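Participant: So that we are looking at the same thing, I have put the structure below in structure tokens.
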Amino acid sequence: MNEFWVLLTGSLVGITCGLTGVFLILRKTAMIADAISHTVLFGIVVAFMVTQSLSGFWMLVGAAIAGLLTTFLVQLLQSGGLQEDAAIGVVFTSLFALGVLFITLFAGNVHLDVEHVLMGEIAFVPWDTWDILGFSMPKAVWMLLIVLVFNLLFLVFFYKEMKLTTFDPVFALSIGLPIVAMHYSYMTLVSLTTVAAFDSVGAVLVVAMLIGPAATAYLMSKSVIGMIVWSMAFGVMAAITGYYLAKLWNTSIAGMMAAMIGVLFMLVFLFKPHDGWIWKVFKRMKIKDTEPNIL
Amino acid sequence: MDALQVTNLSVAYEEKVVLQNVNLTTPVGHLTGIIGPNGAGKSTLIKAILNQLPNKTGAVHILERPLNPKDHLVGYVPQRNAVDWDFPANALDVVLMGRYGHIGMIRKPSAKDKQIAMECLKNVGMEAFADRSIGQLSGGQQQRVFLARALAQEAEVYFMDEPFVGVDAATERTIIAILKDLKAKGKSVFVVHHDLQTAADYFDWMILLNQTITASGPTEQTFTEDNLQEAYGGKLFFMDQTKLNKTFN
Amino acid sequence: MLTGNLLWVLIGAILLGIAAGLNGTFAFLQKQSLVGDAAAHAALPGIAIAYLVTQQKDLPILMLGAAITSALAVYMIQWIVGNSKLKADAAIGFVLSVFFGIGIVLLTIVNQSGTGNQSGLNDFIFGKAATMAKSDLVWLSSSALLIILMCLLFFKEWKLMIFDPIFAKGIGLPVERLRILLTALTVLTIVTGIQAVGVILMAAMLIIPAAAARFWSNHLGVILVTSAFFGALSGALGTIISSVRTGLSTGPIIVLCAASLFVISYFFAPTRGFIAKSLKKKAFKQRNVVKEAANHE
Ligand SMILES: Nc1ncnc2c1ncn2[C@@H]1O[C@H](COP(=O)(O)OP(=O)(O)OP(=O)(O)O)[C@@H](O)[C@H]1O
Ligand SMILES: [Mg+2]
């Protein structure tokens, strides 16, 4: 049974992050997700300092605010004339350092150690349960389900707006779409997804899960819908294979899932028919082979 | 009725003032060319009219009202290469995006929207490419798809930023035929254009621009050598004089 | 107050700050700041592998392992961007998180291998400048000095290469080799710093001083000197502050010092700073309002 919950949690992380990650790749904001996954630590610490509790709800609130703050600050620095990559780098490392400092100053003895934040403890997920509406399920599963529902609702309602503001923001603006509001709503979702996932699997796996499966799906698919389906499928595959390999080699589950994301990406990147790397190298060789005949 | 009325428009990027005190009025039903040298501020003028620049002063009226995207009065073909050509979407998807303003938030495109989009694709001669990924279209084909998207907007006033760049002669003729057709239907079309040889043929109204309006009005009155010399700051000498004279006559 | 070891830590932090400030400026100008972030994260598996293979934790050996995987990560990012439609941000995020994940897998294995628990490899995640051994600090300082020297030596070539690679190639500069050398130096800067400030915050040392310096000037020379100065200042301040109050890790404090310098630059730098710009915008609006009023009369 415990194994089931761990697998379910991992798969839910794969599905939720896979879904959210698609637009990160399409909007070329993958590194903002990386930034948010680091600054969420800051949000959680501040939430703890304010409420003196580690309840899931306040963590979500703190993380959402930290995510929005990150997005806002990056935008602010960019409008101040700083290039995007540097703006992201400045904001997240500073807030992360501040988070680490706050932990050592104000929350040193609480269960908030930074390694836990980075790597998560998915193996402990089954023991921390919530009862909602008579169902008793692990807290992580509840949080992931709730955030998944948010994500699904958002995309059901605003799929076409997200698509247009992503593809051609200038045109979207000209027909009156609220592109700034869309951006911030979406980034809030990314933050919520990050915090729901990283409580169980840690910040590193969240980034891997947000970016990796969607990046792999980007190579696979010709439509946004197709990309979403592939992305979620890759997320689940990585979670399940990663879990069993980690068990086999007795090592970090979250780390192994991240590694499997890398493996899946490489498989597609190298071997995908027609535009995989190996395929292209072969084609190039063939052209070279035929060259002497032409001469 | 005026299609476009601009009063005292000034725009600056950072510290540099790019447009200075622009005033112009264009009645409806014209195919208008916006003409001027590189860096004159043509793209900037369009963006300012569409309210996409923060640092500006002055007023813009379209069909005698301030711009409100919810009116669906304005169609826009932005400069090419501003979008991500690897985006997973096909030609029909892109044209359908032109309907989004009419569809409204949250609701999905209806069968009728799809039909309109398909018709617009047909109009630009691209119906055979409806499910082709946009990245796999040639530059001219991409340009046609974006024109189809603007047509799908069913707007009253259109702004197009250099729609003829990288387009072959046949496509250029197709596009200009479509634009003239729009004019015949009483719509107003504004086109940024670089080729002075064809300008007088294509447009019946002109805006000559270099930081400020140097001339604007019906082509016969505005498209004169003096006005052009002024707009191009005397740099016009390397143009083919004989051809230019031919267009004037 | 400056007892033997602290003095060495201070020297190390200052030299590291200068090295990262110089190198980070070049990365910044190439719009590759976040590649440094990925390279820093990717050092982790290298450290673990070096330990697993040699069962030693001498700094030079671990640094070698870190350098190899860091360089591999940078190369992989370029390879992915060059051979697929993925953009740089996705490639960087992907490589960063997967390498770090693999690093954690290996670190867990090290920690479970009995002796591993005392290996202190975990320190590489957050750094432990204040408690570094003197021999390690000597390593750090000499490596940082080497980086500084190289940056001064190749300043002119890199400047041209970044600004206009095609022209640089045209006048006979070995652009590809210069680029590799610059990447190698970035990797060296990172592996030099990770034991002191940790893999996550090492990126900050590369990014923040350079970004702050950019607000002060449009001349590469001035930016480089400012960035190096900011790096050194944050290194020194961070070390001193964290030594005054025990229990504070040095890495985050150094980064927060750099961040403070950045905030100051962002707002108060002349001409490119926020305040200077806002004033200019206001002046533009006012000028035109006056003009409009005049037109209406
Ligand atoms: N984002 C920007 N920031 C700063 N300056 C800008 C920006 N965009 C344009 N400019 C400057 O404003 C001026 C006008 O630019 P604009 O793009 O409107 O010219 P244009 O008439 O469309 O030229 P072209 O014929 O080359 O397309 C130019 O001098 C340009 O350098
Ligand atoms: Mg232009």
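Each chain in the structure tokens gets a letter, A, B and so on, in the order shown; residues start at 1 in every chain, and ligands are counted from 1 in the order they appear.
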Run DSSP on the backbone of this structure and report the residues of range 77-266 of chain A it assigns to helix (DSSP H, G or I), as a count of residues only.
Facilitator: 155
Participant: Which chain A residues are at most 7 Å from chain C (counting only C-alpha atoms), as a PDB file with C-alpha atoms, in the first residue's frame?
Facilitator:
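File written: iface-v3.pdb
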```pdb
ATOM      1  CA  ILE A  25       8.597  25.744 -22.739  1.00  0.00           C
ATOM      2  CA  LYS A  28      10.458  30.426 -23.220  1.00  0.00           C
ATOM      3  CA  THR A  29      10.164  30.967 -19.498  1.00  0.00           C
ATOM      4  CA  ALA A  30      11.636  27.657 -18.352  1.00  0.00           C
ATOM      5  CA  MET A  31      14.233  29.416 -16.251  1.00  0.00           C
ATOM      6  CA  ASP A  34      13.711  27.233 -12.031  1.00  0.00           C
ATOM      7  CA  GLY A  80      14.782  48.596 -15.915  1.00  0.00           C
ATOM      8  CA  ASP A  85      18.794  35.797 -18.040  1.00  0.00           C
ATOM      9  CA  ALA A  86      20.637  38.090 -15.670  1.00  0.00           C
ATOM     10  CA  GLY A  89      19.667  34.958 -11.981  1.00  0.00           C
ATOM     11  CA  VAL A  90      19.841  38.015  -9.745  1.00  0.00           C
ATOM     12  CA  THR A  93      19.782  33.632  -6.061  1.00  0.00           C
ATOM     13  CA  SER A  94      19.154  36.660  -3.852  1.00  0.00           C
ATOM     14  CA  ALA A  97      20.082  33.295  -0.056  1.00  0.00           C
ATOM     15  CA  LEU A  98      17.607  35.324   1.979  1.00  0.00           C
ATOM     16  CA  VAL A 100      18.549  30.234   3.744  1.00  0.00           C
ATOM     17  CA  LEU A 101      19.516  33.087   6.041  1.00  0.00           C
ATOM     18  CA  THR A 104      19.301  29.717  10.085  1.00  0.00           C
ATOM     19  CA  VAL A 204      15.208  19.762  -7.877  1.00  0.00           C
ATOM     20  CA  LEU A 205      12.708  17.224  -9.095  1.00  0.00           C
ATOM     21  CA  VAL A 207      12.302  21.768 -11.942  1.00  0.00           C
ATOM     22  CA  ALA A 208      13.164  18.548 -13.730  1.00  0.00           C
ATOM     23  CA  ILE A 211      10.917  21.357 -17.806  1.00  0.00           C
ATOM     24  CA  GLY A 212      12.045  17.870 -18.854  1.00  0.00           C
ATOM     25  CA  ALA A 215      10.805  19.732 -23.464  1.00  0.00           C
ATOM     26  CA  THR A 251      19.147   5.573  -3.618  1.00  0.00           C
ATOM     27  CA  SER A 252      17.250   8.887  -3.726  1.00  0.00           C
ATOM     28  CA  GLY A 255      16.987  12.107  -7.841  1.00  0.00           C
ATOM     29  CA  MET A 256      16.374   8.926  -9.785  1.00  0.00           C
ATOM     30  CA  ALA A 258      15.054  13.351 -12.425  1.00  0.00           C
ATOM     31  CA  ALA A 259      17.674  11.096 -13.944  1.00  0.00           C
ATOM     32  CA  GLY A 262      17.059  12.911 -18.631  1.00  0.00           C
ATOM     33  CA  TRP A 277      20.138  13.424 -33.834  1.00  0.00           C
TER      34      TRP A 277
END
```
Participant: Kindly provide the residues of chain B that approach chain A to within 6 Å, each paired with its closest atom pair and their distance in Å to one decimal, based on only C-alpha atoms, listed by chain and increasing number, as a tab-separated table.
Facilitator:
```
residue	atom	partner	partner_atom	distance
B:Pro69	CA	A:Gly176	CA	4.7
B:Val83	CA	A:Asp168	CA	5.7
B:Pro88	CA	A:Ser223	CA	4.5
B:Ala89	CA	A:Ser223	CA	5.2
B:Gly101	CA	A:Ile175	CA	5.6
B:Ile106	CA	A:Phe157	CA	4.7
```
Participant: Keeping only C-alpha atoms, take the residues you just selected and write them out as a PDB file, in the first residue's frame.
Facilitator:
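The resulting file, selection-v2.pdb, is reproduced below:
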```pdb
ATOM      1  CA  PRO B  69     -10.034  46.362 -28.710  1.00  0.00           C
ATOM      2  CA  VAL B  83       6.692  35.008 -33.468  1.00  0.00           C
ATOM      3  CA  PRO B  88       3.323  23.682 -32.452  1.00  0.00           C
ATOM      4  CA  ALA B  89       0.450  25.077 -34.514  1.00  0.00           C
ATOM      5  CA  GLY B 101     -11.612  38.668 -30.457  1.00  0.00           C
ATOM      6  CA  ILE B 106     -13.439  31.283 -22.292  1.00  0.00           C
TER       7      ILE B 106
END
```
Participant: Please, which residues have at least one atom within 7 Å of an atom of ligand 2, using only C-alpha atoms and all ligand atoms, listed as an mmCIF file with C-alpha atoms, in the first residue's frame?
Facilitator:
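Once written, out-v4.cif looks like this:
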```cif
data_model
loop_
_atom_site.group_PDB
_atom_site.id
_atom_site.type_symbol
_atom_site.label_atom_id
_atom_site.label_comp_id
_atom_site.auth_asym_id
_atom_site.auth_seq_id
_atom_site.Cartn_x
_atom_site.Cartn_y
_atom_site.Cartn_z
ATOM 1 C CA LYS B 42 6.750 53.839 -39.319
ATOM 2 C CA SER B 43 6.575 50.736 -37.149
ATOM 3 C CA ASP B 161 3.655 46.421 -41.177
#
```
Participant: Show me, as a PDB file with C-alpha atoms, in the first residue's frame, the residues that have an atom within 9 Å of range 176-179 of chain C when counting only C-alpha atoms, minus same-chain residues fewer than 6 positions from it.
Facilitator:
```
ATOM      1  CA  PHE C 154      42.613  37.872 -22.983  1.00  0.00           C
ATOM      2  CA  GLU C 157      40.300  39.253 -27.636  1.00  0.00           C
ATOM      3  CA  TRP C 158      37.204  38.274 -25.692  1.00  0.00           C
ATOM      4  CA  MET C 161      34.830  37.956 -29.899  1.00  0.00           C
ATOM      5  CA  ILE C 162      31.678  38.727 -27.908  1.00  0.00           C
ATOM      6  CA  LYS C 169      37.220  35.580 -37.236  1.00  0.00           C
TER       7      LYS C 169
END
```
